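Asker: Hey, dropping query-v4.cif in here, mmCIF, C-alpha atoms and all ligand atoms:
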```cif
data_target
#
loop_
_atom_site.label_atom_id
_atom_site.label_comp_id
_atom_site.auth_asym_id
_atom_site.auth_seq_id
_atom_site.Cartn_x
_atom_site.Cartn_y
_atom_site.Cartn_z
CA MET O 5 8.36 -4.62 -16.34
CA LEU O 6 5.75 -6.09 -13.99
CA PHE O 7 4.10 -2.70 -13.42
CA GLU O 8 3.37 -2.43 -17.16
CA GLN O 9 1.39 -5.68 -17.42
CA ASP O 10 -2.33 -5.25 -18.03
CA TRP O 11 -3.51 -7.37 -15.09
CA VAL O 12 -1.17 -5.43 -12.77
CA LYS O 13 -2.64 -2.14 -14.02
CA VAL O 14 -6.15 -3.44 -13.37
CA LEU O 15 -5.08 -4.55 -9.90
CA ALA O 16 -3.48 -1.17 -9.25
CA ASP O 17 -6.66 0.59 -10.25
CA GLN O 18 -8.66 -1.67 -7.92
CA GLN O 19 -6.23 -0.91 -5.08
CA THR O 20 -6.71 2.82 -5.58
CA ARG O 21 -10.48 2.65 -5.66
CA PHE O 22 -10.55 0.30 -2.67
CA LEU O 23 -8.30 2.58 -0.62
CA ARG O 24 -10.33 5.63 -1.53
CA SER O 25 -13.59 3.84 -0.69
CA GLN O 26 -12.26 3.03 2.78
CA ALA O 27 -10.65 6.41 3.45
CA GLU O 28 -13.46 7.72 5.61
CA SER O 29 -13.67 4.63 7.79
CA LEU O 30 -9.89 4.77 8.19
CA GLY O 31 -10.31 8.30 9.54
CA LEU O 32 -8.54 9.96 6.60
CA LYS O 33 -9.47 13.53 5.80
CA PRO O 34 -8.56 15.62 2.75
CA ALA O 35 -5.32 17.46 3.43
CA VAL O 36 -5.61 21.14 4.27
CA ALA O 37 -3.02 23.86 3.83
CA GLY O 38 -0.84 24.46 6.86
CA LYS O 39 -1.38 21.07 8.49
CA GLU O 40 1.33 18.55 7.71
CA VAL O 41 0.24 14.94 7.24
CA LYS O 42 3.17 12.67 6.52
CA LEU O 43 2.87 9.29 4.77
CA LEU O 44 5.40 6.45 4.68
CA ASP O 45 4.78 4.29 1.59
CA TYR O 46 6.88 1.21 2.36
CA ALA O 47 7.85 -1.12 -0.51
CA CYS O 48 6.39 1.67 -2.58
CA GLY O 49 6.97 0.20 -6.04
CA SER O 50 5.85 2.69 -8.67
CA GLY O 51 3.59 4.34 -6.10
CA VAL O 52 0.25 2.60 -6.27
CA ALA O 53 -0.57 3.42 -2.64
CA SER O 54 0.50 7.04 -3.15
CA TRP O 55 -0.91 7.57 -6.61
CA VAL O 56 -1.50 5.27 -9.55
CA ARG O 57 -0.88 5.48 -13.23
CA ASN O 58 -4.14 5.86 -15.11
CA ALA O 59 -4.92 2.35 -16.38
CA SER O 60 -6.16 3.72 -19.69
CA SER O 61 -3.40 6.26 -20.22
CA SER O 62 0.36 6.41 -19.96
CA ARG O 63 0.23 9.93 -18.56
CA PHE O 64 0.09 10.68 -14.88
CA ASP O 65 -2.66 12.90 -13.64
CA ARG O 66 -1.25 16.11 -12.32
CA LEU O 67 -2.31 17.09 -8.84
CA PRO O 68 -0.53 19.60 -6.62
CA PHE O 69 -1.08 18.54 -3.02
CA ALA O 70 -4.45 19.36 -1.53
CA SER O 71 -5.41 21.51 -4.51
CA HIS O 72 -8.65 19.58 -4.99
CA ARG O 73 -10.39 21.37 -2.16
CA THR O 74 -12.96 23.82 -3.41
CA ASP O 75 -16.61 24.57 -3.02
CA ASN O 76 -16.94 25.60 -6.64
CA SER O 77 -18.93 22.81 -8.27
CA THR O 78 -17.49 23.13 -11.80
CA HIS O 79 -13.98 23.22 -10.45
CA HIS O 80 -14.77 20.34 -8.15
CA LYS O 81 -15.86 18.19 -11.10
CA THR O 82 -12.58 18.84 -12.88
CA LYS O 83 -10.60 18.03 -9.81
CA GLN O 84 -12.53 14.81 -9.24
CA ASN O 85 -11.50 13.67 -12.70
CA LYS O 86 -7.92 14.48 -11.89
CA THR O 87 -8.02 12.72 -8.53
CA LYS O 88 -9.74 9.58 -9.88
CA HIS O 89 -6.48 7.67 -9.86
CA GLN O 90 -4.97 9.16 -6.74
CA ALA O 91 -4.74 6.80 -3.77
CA LEU O 92 -3.56 8.44 -0.52
CA LEU O 93 -2.13 11.58 -2.11
CA PRO O 94 -5.22 13.74 -1.46
CA TYR O 95 -5.02 12.98 2.28
CA VAL O 96 -1.40 13.88 2.91
CA THR O 97 1.03 16.74 2.43
CA LYS O 98 4.31 14.83 2.42
CA ILE O 99 5.24 11.33 1.26
CA ARG O 100 8.37 9.31 1.85
CA GLY O 101 8.64 6.12 -0.20
CA VAL O 102 11.00 3.27 0.59
CA ASP O 103 11.80 0.32 -1.63
CA VAL O 104 14.55 -2.26 -1.66
CA ALA O 105 14.98 -2.05 -5.45
CA PRO O 106 16.97 0.96 -6.75
CA ALA O 107 15.29 0.87 -10.19
CA VAL O 108 11.89 1.04 -8.55
CA VAL O 109 12.98 3.97 -6.37
CA SER O 110 13.95 5.84 -9.55
CA LEU O 111 10.61 4.97 -11.12
CA TYR O 112 8.77 6.31 -8.07
CA ASN O 113 10.76 9.54 -8.05
CA ARG O 114 10.22 10.04 -11.78
CA ALA O 115 6.48 9.54 -11.21
CA ALA O 116 6.56 12.16 -8.43
CA ALA O 117 8.40 14.61 -10.68
CA ALA O 118 5.96 13.94 -13.54
CA GLN O 119 3.20 15.17 -11.24
CA THR O 120 5.24 18.28 -10.46
CA LEU O 121 5.66 17.20 -6.85
CA THR O 122 8.82 18.57 -5.25
CA ALA O 123 11.27 16.25 -3.49
CA ASP O 124 10.09 17.70 -0.21
CA GLN O 125 6.52 16.73 -1.08
CA ALA O 126 7.23 13.20 -2.34
CA HIS O 127 10.49 11.33 -2.51
CA ALA O 128 11.55 7.69 -2.29
CA ILE O 129 14.79 6.24 -0.96
CA GLU O 130 16.33 2.81 -1.19
CA GLY O 131 15.92 0.81 1.99
CA ASP O 132 14.89 -2.35 3.74
CA LEU O 133 13.42 -2.37 7.22
CA SER O 134 14.12 -6.07 7.79
CA ALA O 135 16.08 -6.05 11.03
CA ALA O 136 19.14 -7.68 9.52
CA ALA O 137 19.19 -5.33 6.54
CA ALA O 138 18.91 -1.87 8.09
CA PRO O 139 22.33 -0.36 8.81
CA ALA O 140 22.27 2.30 11.52
CA ASP O 141 23.75 4.97 9.25
CA SER O 142 21.43 4.55 6.25
CA ALA O 143 19.08 7.23 4.94
CA LEU O 144 16.38 5.36 6.83
CA SER O 145 17.88 6.73 10.06
CA SER O 146 17.25 10.36 9.12
CA PRO O 147 14.79 12.18 11.44
CA ASP O 148 12.71 12.79 8.30
CA MET O 149 11.96 9.06 8.27
CA TYR O 150 10.20 9.08 11.66
CA GLY O 151 7.05 10.58 13.12
CA PHE O 152 4.74 9.55 10.31
CA ASP O 153 0.98 10.06 10.58
CA ILE O 154 0.31 7.15 8.23
CA ALA O 155 2.38 4.15 7.13
CA ILE O 156 1.23 1.78 4.43
CA VAL O 157 2.63 -1.46 3.06
CA SER O 158 0.67 -2.38 -0.02
CA MET O 159 0.84 -5.72 -1.86
CA ALA O 160 4.33 -6.29 -0.52
CA LEU O 161 4.14 -7.97 2.88
CA HIS O 162 3.88 -11.33 1.13
CA HIS O 163 7.37 -10.75 -0.31
CA MET O 164 8.86 -10.46 3.15
CA ASP O 165 10.28 -13.27 5.24
CA ASP O 166 9.11 -11.83 8.54
CA PRO O 167 5.94 -9.73 8.10
CA GLN O 168 5.63 -9.28 11.85
CA ALA O 169 9.09 -7.66 12.07
CA ILE O 170 8.25 -5.31 9.19
CA LEU O 171 4.98 -4.24 10.82
CA THR O 172 6.81 -3.64 14.11
CA ALA O 173 9.43 -1.57 12.27
CA LEU O 174 6.71 0.44 10.49
CA ALA O 175 4.86 1.06 13.76
CA SER O 176 8.10 2.39 15.26
CA ARG O 177 8.13 5.05 12.51
CA LEU O 178 4.63 6.27 13.39
CA ARG O 179 3.72 8.96 15.86
CA LYS O 180 1.47 7.80 18.69
CA GLY O 181 -2.03 7.49 17.24
CA GLY O 182 -0.60 7.16 13.71
CA LEU O 183 -2.34 4.82 11.28
CA LEU O 184 -0.79 1.58 10.01
CA ILE O 185 -2.39 0.21 6.83
CA VAL O 186 -1.79 -3.12 5.11
CA VAL O 187 -3.16 -3.88 1.65
CA GLU O 188 -2.94 -7.54 0.69
CA GLY O 189 -4.76 -10.43 -0.90
CA THR O 190 -7.15 -12.52 1.17
CA GLU O 191 -6.56 -16.00 2.41
CA ASN O 192 -7.47 -18.09 -0.59
CA ARG O 193 -8.15 -21.76 0.04
CA PRO O 194 -9.64 -22.41 -3.44
CA ALA O 195 -6.41 -21.07 -4.93
CA VAL O 196 -4.39 -23.57 -2.89
CA ASP O 197 -6.65 -26.40 -4.03
CA LYS O 198 -6.33 -25.29 -7.64
CA MET O 199 -2.56 -25.06 -7.39
CA GLU O 200 -2.28 -28.47 -5.79
CA ALA O 201 -4.59 -30.01 -8.40
CA ALA O 202 -2.33 -28.55 -11.08
CA GLY O 203 0.71 -30.03 -9.32
CA LEU O 204 1.97 -26.50 -8.71
CA ASP O 205 2.81 -26.18 -5.07
CA GLY O 206 5.71 -24.84 -3.12
CA PRO O 207 6.47 -22.06 -0.68
CA ALA O 208 7.49 -19.51 -3.33
CA LEU O 209 4.26 -19.82 -5.28
CA ARG O 210 2.17 -19.83 -2.13
CA GLN O 211 3.97 -16.73 -0.95
CA MET O 212 3.59 -14.97 -4.28
CA LEU O 213 -0.15 -15.50 -4.25
CA ASN O 214 -0.42 -14.92 -0.49
CA VAL O 215 -2.83 -17.80 -0.44
CA GLU O 216 -2.98 -18.35 3.27
CA ALA O 217 -0.98 -15.82 5.23
CA PHE O 218 -3.37 -12.94 5.59
CA ALA O 219 -6.36 -14.27 7.48
CA GLU O 220 -8.10 -11.77 9.76
CA GLU O 221 -6.88 -13.36 12.96
CA THR O 222 -3.29 -13.41 11.73
CA MET O 223 -3.42 -9.75 10.73
CA ARG O 224 -4.93 -8.79 14.07
CA ASP O 225 -2.26 -10.69 15.99
CA TRP O 226 0.54 -9.14 13.91
CA LEU O 227 -0.80 -5.61 14.30
CA ARG O 228 -1.31 -6.05 18.02
CA ALA O 229 2.21 -7.47 18.42
CA ALA O 230 3.52 -4.46 16.46
CA GLY O 231 2.17 -2.22 19.23
CA CYS O 232 -1.08 -1.18 17.59
CA ARG O 233 -4.57 -1.13 19.01
CA CYS O 234 -8.03 -1.16 17.56
CA MET O 235 -9.36 2.01 15.92
CA CYS O 236 -12.92 1.59 16.99
CA THR O 237 -14.96 -0.57 19.29
CA GLY O 238 -16.36 -3.56 17.49
CA GLU O 239 -19.06 -5.75 18.98
CA ASP O 240 -16.41 -8.08 20.32
CA GLY O 241 -14.32 -5.17 21.56
CA GLU O 242 -11.65 -5.86 18.96
CA GLY O 243 -12.32 -3.43 16.13
CA PHE O 244 -9.15 -3.89 14.13
CA VAL O 245 -10.04 -2.91 10.59
CA TYR O 246 -10.17 -5.86 8.20
CA VAL O 247 -12.18 -5.21 5.06
CA VAL O 248 -12.35 -7.41 1.98
CA HIS O 249 -12.90 -5.77 -1.38
CA ASP O 250 -16.03 -6.91 -3.20
CA GLU O 251 -14.26 -7.02 -6.57
CA ILE O 252 -12.33 -10.03 -7.86
CA SER O 253 -8.73 -9.47 -8.93
CA PRO O 254 -7.84 -12.04 -11.60
CA VAL O 255 -4.25 -13.26 -11.96
CA PRO O 256 -3.74 -14.65 -15.48
CA GLU O 257 -2.28 -18.06 -16.11
CA SER O 258 0.82 -16.44 -17.62
CA ALA O 259 1.60 -14.85 -14.25
CA CYS O 260 0.70 -17.65 -11.84
CA LYS O 261 1.13 -20.77 -14.02
CA VAL O 262 -2.15 -22.20 -12.75
CA PRO O 263 -4.36 -23.35 -15.65
CA GLY O 264 -7.12 -20.80 -16.17
CA GLY O 265 -5.48 -18.36 -13.78
CA LEU O 266 -6.58 -17.52 -10.26
CA ASP O 267 -9.01 -15.14 -8.64
CA ARG O 268 -7.88 -13.07 -5.69
CA GLN O 269 -9.53 -10.45 -3.53
CA LEU O 270 -7.91 -7.45 -1.93
CA LEU O 271 -8.08 -6.76 1.77
CA ILE O 272 -7.26 -3.74 3.89
CA ALA O 273 -6.17 -4.27 7.49
CA ALA O 274 -5.44 -1.30 9.70
CA SER O 275 -4.98 -0.16 13.26
CA VAL O 276 -3.40 2.75 15.13
CA LYS O 277 -0.19 2.93 17.12
CA ALA O 278 -0.97 2.71 20.83
C1 LIG S 1 4.21 -6.10 -5.78
S1 LIG S 1 5.20 -4.68 -5.51
C2 LIG S 1 4.05 -3.63 -4.64
C3 LIG S 1 4.33 -2.20 -4.93
C4 LIG S 1 3.31 -1.21 -4.43
N1 LIG S 1 3.41 -1.04 -2.99
C5 LIG S 1 1.91 -1.57 -4.82
O1 LIG S 1 1.01 -1.50 -3.99
O2 LIG S 1 1.68 -1.91 -5.98
C6 LIG S 1 6.27 -5.20 -4.20
C7 LIG S 1 7.40 -4.21 -3.91
O3 LIG S 1 8.05 -4.60 -2.69
C8 LIG S 1 9.41 -4.29 -2.80
N2 LIG S 1 10.09 -5.04 -1.73
C9 LIG S 1 10.21 -6.39 -1.61
N3 LIG S 1 10.85 -6.70 -0.47
C10 LIG S 1 11.13 -5.52 0.16
C11 LIG S 1 11.76 -5.18 1.41
N4 LIG S 1 12.25 -6.11 2.22
N5 LIG S 1 11.86 -3.87 1.73
C12 LIG S 1 11.40 -2.91 0.89
N6 LIG S 1 10.79 -3.17 -0.29
C13 LIG S 1 10.65 -4.46 -0.65
C14 LIG S 1 9.73 -4.68 -4.23
O4 LIG S 1 10.93 -4.09 -4.71
C15 LIG S 1 8.49 -4.18 -4.98
O5 LIG S 1 8.65 -2.86 -5.45
#
```
Output the structure of this file as structure tokens.
Ligand SMILES: C[S@@+](CC[C@H](N)C(=O)[O-])C[C@H]1O[C@@H](n2cnc3c(N)ncnc32)[C@H](O)[C@@H]1O
Answerer:
Amino acid sequence: MLFEQDWVKVLADQQTRFLRSQAESLGLKPAVAGKEVKLLDYACGSGVASWVRNASSSRFDRLPFASHRTDNSTHHKTKQNKTKHQALLPYVTKIRGVDVAPAVVSLYNRAAAAQTLTADQAHAIEGDLSAAAAPADSALSSPDMYGFDIAIVSMALHHMDDPQAILTALASRLRKGGLLIVVEGTENRPAVDKMEAAGLDGPALRQMLNVEAFAEETMRDWLRAAGCRCMCTGEDGEGFVYVVHDEISPVPESACKVPGGLDRQLLIAASVKA
């Protein structure tokens, strides 16, 4: 399975650390008892944006929601170790995952159970928010699947035919002021050149490697068209979040077919529902 490949585990670990490093600038705060914060993890896969499997271990770290809060320094150290591989879990009290692939939904729900999370705390359903694919009577229509404080689509927008429509659909699931986060790979002109030099071109490969779709301007236009606005006031008055990770994410030749493999970089784009 893709999620079990070493380079995917490394990437997943990078995603987690990148998300956690940006949490404060995204306005995320550790969850506190009695205040519900609801996350939609769209195209959730095994749950990398919610939590991530420890790259060096096959066991999931166990973390009851929000239990990491303490002023006791010894306890805090222990909890930090446990939360090392948690992505957005420490910031929320309830997660709803959605994925188009039933096997992946099962994987996600098994991962939630392995962390002793109840179905009310974290649960994924099968679904597709592409306009043509969402029947009115699906589980996606349940009131539980609206009013989110945060929605994230991580390393998945490049699989979708109409990213703009997906972002609009995700924004419609957010409460006003809710946060929409995209994790993707950066525009990667050298990767295109390398692919072309290797005679390996074509829409599918380009899409898989998201070599050109996720430039800052494109992301900003998509988020704005989805009904989002900037989170802060940048010098140019724009202020949509667009941060590129400083680590390189290598894709091995075996996965991308390009001789020597390719280097990618993660990006986080975000804005809030107007
Ligand atoms: C590369 S994985 C990313 C998983 C996870 N979000 C992460 O950050 O690692 C892409 C996921 O998108 C899902 N997917 C693809 N198209 C989808 C769609 N239209 N709606 C929902 N999920 C979709 C796939 O089943 C797969 O689990």
Asker: Using all atoms listed in the file, find each residue of chain O with at least one atom at most 7 Å away from an atom of ligand LIG 1 (chain S); report its shortest atom-to-atom pair and that distance in Å (one decimal), sort the rows by chain and rising residue number, and return the result as a tab-separated table.
Answerer:
```
residue	atom	partner	partner_atom	distance
O:Ala16	CA	S:LIG1	O2	6.2
O:Tyr46	CA	S:LIG1	C12	6.3
O:Ala47	CA	S:LIG1	N6	3.6
O:Cys48	CA	S:LIG1	N1	4.0
O:Gly49	CA	S:LIG1	O5	3.5
O:Ser50	CA	S:LIG1	C4	6.3
O:Gly51	CA	S:LIG1	C4	5.8
O:Val52	CA	S:LIG1	C5	4.7
O:Ala53	CA	S:LIG1	O1	5.3
O:Val102	CA	S:LIG1	C12	6.2
O:Asp103	CA	S:LIG1	N6	3.9
O:Val104	CA	S:LIG1	N6	4.1
O:Ala105	CA	S:LIG1	O4	4.6
O:Val108	CA	S:LIG1	O5	5.9
O:Gly131	CA	S:LIG1	C12	6.0
O:Asp132	CA	S:LIG1	N5	3.9
O:Leu133	CA	S:LIG1	N5	5.9
O:Ser134	CA	S:LIG1	N4	5.9
O:Val157	CA	S:LIG1	N1	6.1
O:Ser158	CA	S:LIG1	O1	4.1
O:Met159	CA	S:LIG1	O1	4.7
O:Ala160	CA	S:LIG1	C6	4.3
O:His163	CA	S:LIG1	N3	5.3
O:Met164	CA	S:LIG1	N3	5.6
```
Asker: At most 9 Å from (8.7, 11.4, -0.8), file frame, only C-alpha atoms: which residues, as a PyMOL selection string?
Answerer: chain O and resi 43-45+98-102+112-113+116+121-129
Asker: Go through O:Ser253, O:Gln18, O:Ser275, O:Thr120 one by one, measure the shortest atom-to-atom distance of each to Ile156 in chain O using only C-alpha atoms, and give the residue with the smallest value.
Answerer: O:Ser275
Asker: So how many Å separate CA of Ala202 in chain O and CA of Glu221 in chain O, to one decimal?
Answerer: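 About the pair CA of Ala202 in chain O and CA of Glu221 in chain O: they are 28.8 Å apart.
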Asker: Could you state the separation of CA of Cys260 in chain O and CA of Asp197 in chain O in Å, given to one decimal place?
Answerer: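 The value is 13.8 Å.
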Asker: What separation in Å, quoted to one decimal, exists between CA of Leu178 in chain O and CA of Phe218 in chain O?
Answerer: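 About the pair CA of Leu178 in chain O and CA of Phe218 in chain O: they are 22.2 Å apart.
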Asker: Using all atoms listed in the file, find the one residue out of O:Leu227, O:Ala135, O:Ala155, O:Leu271 that sits nearest to Phe22 in chain O.
Answerer: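 For Phe22 in chain O, the nearest of the given residues is O:Leu271.
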Asker: Identify, on the basis of only C-alpha atoms, every residue whose closest approach to Val96 in chain O does not exceed 12 Å; exclude the query and any residue fewer than 4 positions from it along the same chain; express the result as a PyMOL selection string.
Answerer: chain O and resi 27+32-45+53-55+68-71+90-92+100+125-126+152-155
Asker: So, with all atoms listed in the file as the atoms that count, which of O:Glu251, O:Glu257, O:Glu200, O:Asp148 lies closest to Leu15 in chain O?
Answerer: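 Comparing O:Glu251, O:Glu257, O:Glu200, O:Asp148 against Leu15 in chain O, the winner is O:Glu251.
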Asker: The residues within 9 Å of (-18.2, -0.9, 0.9), using only C-alpha atoms and the coordinates of the file, should be reported as number ranges by chain; which are they?
Answerer: O: 22, 25-26, 247-250
Asker: So, counting all atoms listed in the file, which residue among O:His162, O:Ala201, O:Arg177, O:Gln19 is closest to Ser145 in chain O?
Answerer: O:Arg177
Asker: Choose the residue, out of O:Arg24, O:Leu204, O:Ser176, O:Gly264, that has the smallest atom-to-atom separation from Gly151 in chain O; count all atoms listed in the file.
Answerer: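 For Gly151 in chain O, the nearest of the given residues is O:Ser176.
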